[in-house]
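The structure file upload_20.tsv is reproduced below (TSV, C-alpha atoms and all ligand atoms).
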chain	number	residue	atom	x	y	z
S	7	MET	CA	-6.54	1.56	15.78
S	8	SER	CA	-3.59	3.93	15.50
S	9	ASP	CA	-3.13	6.09	12.43
S	10	THR	CA	-1.20	4.53	9.56
S	11	ILE	CA	0.46	5.75	6.41
S	12	PHE	CA	-2.52	4.40	4.46
S	13	ALA	CA	-4.95	6.51	6.51
S	14	LYS	CA	-2.83	9.51	5.51
S	15	ILE	CA	-3.11	8.46	1.85
S	16	ILE	CA	-6.92	8.23	2.18
S	17	ARG	CA	-6.97	11.76	3.64
S	18	ARG	CA	-4.60	12.94	0.85
S	19	GLU	CA	-2.08	14.07	3.45
S	20	ILE	CA	0.71	12.23	1.66
S	21	PRO	CA	0.93	11.57	-2.08
S	22	ALA	CA	0.14	8.27	-3.72
S	23	ASP	CA	-0.37	7.10	-7.28
S	24	ILE	CA	-4.10	6.42	-6.97
S	25	VAL	CA	-5.45	4.21	-9.75
S	26	TYR	CA	-8.85	3.18	-8.35
S	27	GLU	CA	-11.43	4.78	-6.10
S	28	ASP	CA	-15.04	4.18	-5.18
S	29	ASP	CA	-17.11	5.01	-2.10
S	30	ASP	CA	-15.52	2.28	0.02
S	31	VAL	CA	-12.19	1.32	-1.53
S	32	LEU	CA	-9.01	3.05	-2.66
S	33	GLY	CA	-6.37	1.50	-4.93
S	34	PHE	CA	-2.86	2.92	-5.36
S	35	ARG	CA	0.48	1.72	-6.67
S	36	ASP	CA	2.86	0.11	-4.20
S	37	LEU	CA	5.92	2.26	-3.51
S	38	ASN	CA	8.17	-0.79	-3.77
S	39	PRO	CA	6.63	-2.89	-6.56
S	40	GLN	CA	7.26	-6.64	-6.58
S	41	ALA	CA	5.85	-7.16	-10.09
S	42	PRO	CA	5.28	-4.99	-13.19
S	43	VAL	CA	1.81	-4.27	-11.78
S	44	HIS	CA	1.59	-3.96	-7.99
S	45	VAL	CA	-1.47	-2.14	-6.67
S	46	LEU	CA	-2.72	-2.03	-3.08
S	47	PHE	CA	-6.48	-2.02	-2.45
S	48	ILE	CA	-7.61	-0.76	0.95
S	49	PRO	CA	-10.95	-0.18	2.61
S	50	LYS	CA	-11.46	3.50	3.43
S	51	GLN	CA	-12.77	2.33	6.78
S	52	PRO	CA	-9.72	1.33	8.82
S	53	ILE	CA	-9.44	-2.37	9.65
S	54	ALA	CA	-6.05	-3.26	11.12
S	55	SER	CA	-5.70	-6.70	9.58
S	56	LEU	CA	-7.70	-9.62	8.24
S	57	ASP	CA	-7.54	-11.02	11.76
S	58	ALA	CA	-9.22	-7.86	13.08
S	59	ALA	CA	-12.11	-8.02	10.60
S	60	ASP	CA	-15.50	-9.15	11.85
S	61	ALA	CA	-18.76	-10.42	10.39
S	62	GLY	CA	-20.19	-6.90	10.28
S	63	GLN	CA	-17.49	-6.05	7.73
S	64	ALA	CA	-18.28	-8.96	5.41
S	65	GLU	CA	-19.81	-6.73	2.74
S	66	LEU	CA	-16.83	-4.37	2.84
S	67	LEU	CA	-14.40	-7.28	2.52
S	68	GLY	CA	-16.33	-8.49	-0.49
S	69	LYS	CA	-16.20	-5.05	-2.05
S	70	LEU	CA	-12.46	-4.92	-1.48
S	71	LEU	CA	-11.86	-8.17	-3.36
S	72	LEU	CA	-14.32	-7.28	-6.11
S	73	ALA	CA	-12.64	-3.88	-6.60
S	74	ALA	CA	-9.28	-5.61	-7.13
S	75	ALA	CA	-10.85	-8.07	-9.56
S	76	ALA	CA	-12.67	-5.32	-11.47
S	77	TYR	CA	-9.48	-3.30	-11.77
S	78	ALA	CA	-7.55	-6.33	-13.05
S	79	ARG	CA	-10.25	-7.05	-15.61
S	80	GLU	CA	-10.43	-3.43	-16.69
S	81	GLN	CA	-6.64	-3.31	-17.11
S	82	GLY	CA	-6.65	-6.45	-19.24
S	83	LEU	CA	-4.77	-8.46	-16.61
S	84	ALA	CA	-7.41	-11.05	-15.78
S	85	GLU	CA	-7.06	-13.37	-18.74
S	86	ARG	CA	-3.34	-14.05	-18.19
S	87	GLY	CA	-3.91	-13.93	-14.46
S	88	TYR	CA	-2.68	-12.26	-11.35
S	89	ARG	CA	-2.16	-12.85	-7.67
S	90	ALA	CA	-4.14	-11.22	-4.85
S	91	VAL	CA	-2.40	-11.40	-1.48
S	92	ILE	CA	-3.32	-10.40	2.07
S	93	ASN	CA	-0.44	-10.53	4.55
S	94	CYS	CA	-1.70	-10.91	8.11
S	95	ASN	CA	0.29	-10.02	11.22
S	96	GLU	CA	3.97	-10.60	11.79
S	97	ASP	CA	4.55	-14.08	10.37
S	98	GLY	CA	2.35	-13.18	7.41
S	99	GLY	CA	4.72	-10.34	6.58
S	100	GLN	CA	2.31	-7.51	7.34
S	101	THR	CA	4.09	-4.19	7.86
S	102	VAL	CA	1.24	-1.67	7.53
S	103	TYR	CA	-1.66	-2.27	9.92
S	104	HIS	CA	-4.45	-1.11	7.65
S	105	LEU	CA	-5.90	-4.12	5.83
S	106	HIS	CA	-4.82	-4.23	2.18
S	107	VAL	CA	-4.95	-6.57	-0.79
S	108	HIS	CA	-1.82	-6.70	-2.93
S	109	LEU	CA	-2.69	-7.13	-6.62
S	110	LEU	CA	0.39	-8.45	-8.42
S	111	ALA	CA	0.47	-9.02	-12.17
S	112	GLY	CA	2.56	-8.78	-15.29
S	113	ARG	CA	4.86	-11.71	-14.62
S	114	ARG	CA	4.57	-15.40	-13.87
S	115	MET	CA	4.16	-15.88	-10.11
S	116	GLN	CA	6.07	-18.49	-8.12
S	117	TRP	CA	4.62	-20.98	-5.67
S	118	PRO	CA	5.13	-21.45	-2.77
S	119	PRO	CA	5.66	-17.81	-1.81
S	120	GLY	CA	8.74	-17.06	0.28
P	1	LIG	P1	2.48	-5.47	3.86
P	1	LIG	O1	3.92	-5.82	4.06
P	1	LIG	O2	1.63	-6.57	3.35
P	1	LIG	O3	1.90	-4.78	5.09
P	1	LIG	O4	2.46	-4.40	2.68
P	1	LIG	C1	2.71	-3.04	2.86
P	1	LIG	C2	3.04	-2.50	1.51
P	1	LIG	O5	2.88	-1.09	1.55
P	1	LIG	C3	4.47	-2.77	1.05
P	1	LIG	O6	4.44	-3.51	-0.16
P	1	LIG	C4	5.08	-1.38	0.88
P	1	LIG	O7	5.93	-1.30	-0.23
P	1	LIG	C5	3.83	-0.53	0.69
P	1	LIG	N1	3.94	0.87	1.07
P	1	LIG	C6	4.41	1.37	2.22
P	1	LIG	N2	4.29	2.71	2.24
P	1	LIG	C7	3.72	3.05	1.06
P	1	LIG	C8	3.32	4.29	0.47
P	1	LIG	N3	3.52	5.46	1.10
P	1	LIG	N4	2.76	4.26	-0.76
P	1	LIG	C9	2.57	3.09	-1.41
P	1	LIG	N5	2.92	1.89	-0.90
P	1	LIG	C10	3.48	1.88	0.31
Produce structure tokens that represent the structure in this file.
Amino acid sequence: MSDTIFAKIIRREIPADIVYEDDDVLGFRDLNPQAPVHVLFIPKQPIASLDAADAGQAELLGKLLLAAAAYAREQGLAERGYRAVINCNEDGGQTVYHLHVHLLAGRRMQWPPG
């Protein structure tokens, strides 16, 4: 997979507002927030998209979701609720090809999404 801006954030080559980190997952604020809280959670291991993930990465995918949930709980966002989104490929609206979970919170979400 080619290098992405998120790989550069993992390597600390470009700045990011990092709010969560463990051995496998990094969380940082989205540059263009779509809600009062908008944090991106990424696996440190590069996976281009959800479509590119395989069964050998099941544990990592679980850790990614659990990291987002733990952060939301720790920040007091879980009781009111939040949205976790994965955009996949072009029609899904994916623009950065390093798998990421958008955690959006702090306002009432709409459904269906645009
Ligand atoms: P997606 O469209 O699902 O691929 O989401 C990519 C997200 O990355 C968008 O919400 C962008 O605002 C965000 N983004 C792009 N570059 C950066 C960056 N350098 N730091 C933080 N967020 C970024």
>> Show me which residues are within 9 Å of ligand LIG 1 (chain P) counting only C-alpha atoms and all ligand atoms, and format the list as an MDAnalysis selection string.
In response: chainID S and resid 11:12 14:15 20:23 34:40 44:46 91:95 98:108
> Of the candidates S:Glu19, S:Asp97, S:Glu27, S:Asp9, which shows the shortest atom-to-atom distance to Lys69 in chain S, using all atoms listed in the file?
Replying inline: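 Using all atoms listed in the file, the shortest distance to Lys69 in chain S belongs to S:Glu27.
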> Could you list as a ChimeraX atom specification every residue that has an atom within 10 Å of (-0.8, -16.9, -6.0), using the file's coordinates and counting all atoms listed in the file?
Replying inline: /S:87-91,109-110,114-119
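Atom pair CA of Pro42 in chain S / CA of Asp57 in chain S has a distance of 28.7 Å (rounded to one decimal).
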>> Excluding Arg86 in chain S and its own-chain neighbours fewer than 6 positions away, which residues fall within 10 Å of it when counting all atoms listed in the file? Please give them as JSON, numbers by chain.
In response: {"S": [111, 112, 113, 114]}
>> Taking all atoms listed in the file into account, name the residue in S:Gly82, S:Ala59, S:Gly120, S:Tyr77 that is nearest to Val25 in chain S.
In response: S:Tyr77
>> Please compute the CA of Leu66 in chain S-CA of Arg18 in chain S distance, one decimal, in Å.
In response: 21.3 Å
> So how far away is CA of Asp30 in chain S from CA of Gly62 in chain S, in Å?
Replying inline: 14.5 Å
So for range 110-116 of chain S, what box centre and size do we get, axis-aligned, 4 Å extra on each of the six sides, every listed atom, Å to one decimal, as lines of an AutoDock Vina configuration file?
center_x = 3.2
center_y = -13.5
center_z = -11.7
size_x = 13.7
size_y = 18.0
size_z = 15.2
> So, counting only C-alpha atoms, which residue among S:Gln81, S:Leu56, S:Glu65, S:Val31 is closest to Val43 in chain S?
Replying inline: S:Gln81
> With distances taken over only C-alpha atoms, which of S:Ile16, S:Gln51, S:Asp28, S:Thr10 is nearest to Leu67 in chain S?
Replying inline: S:Gln51
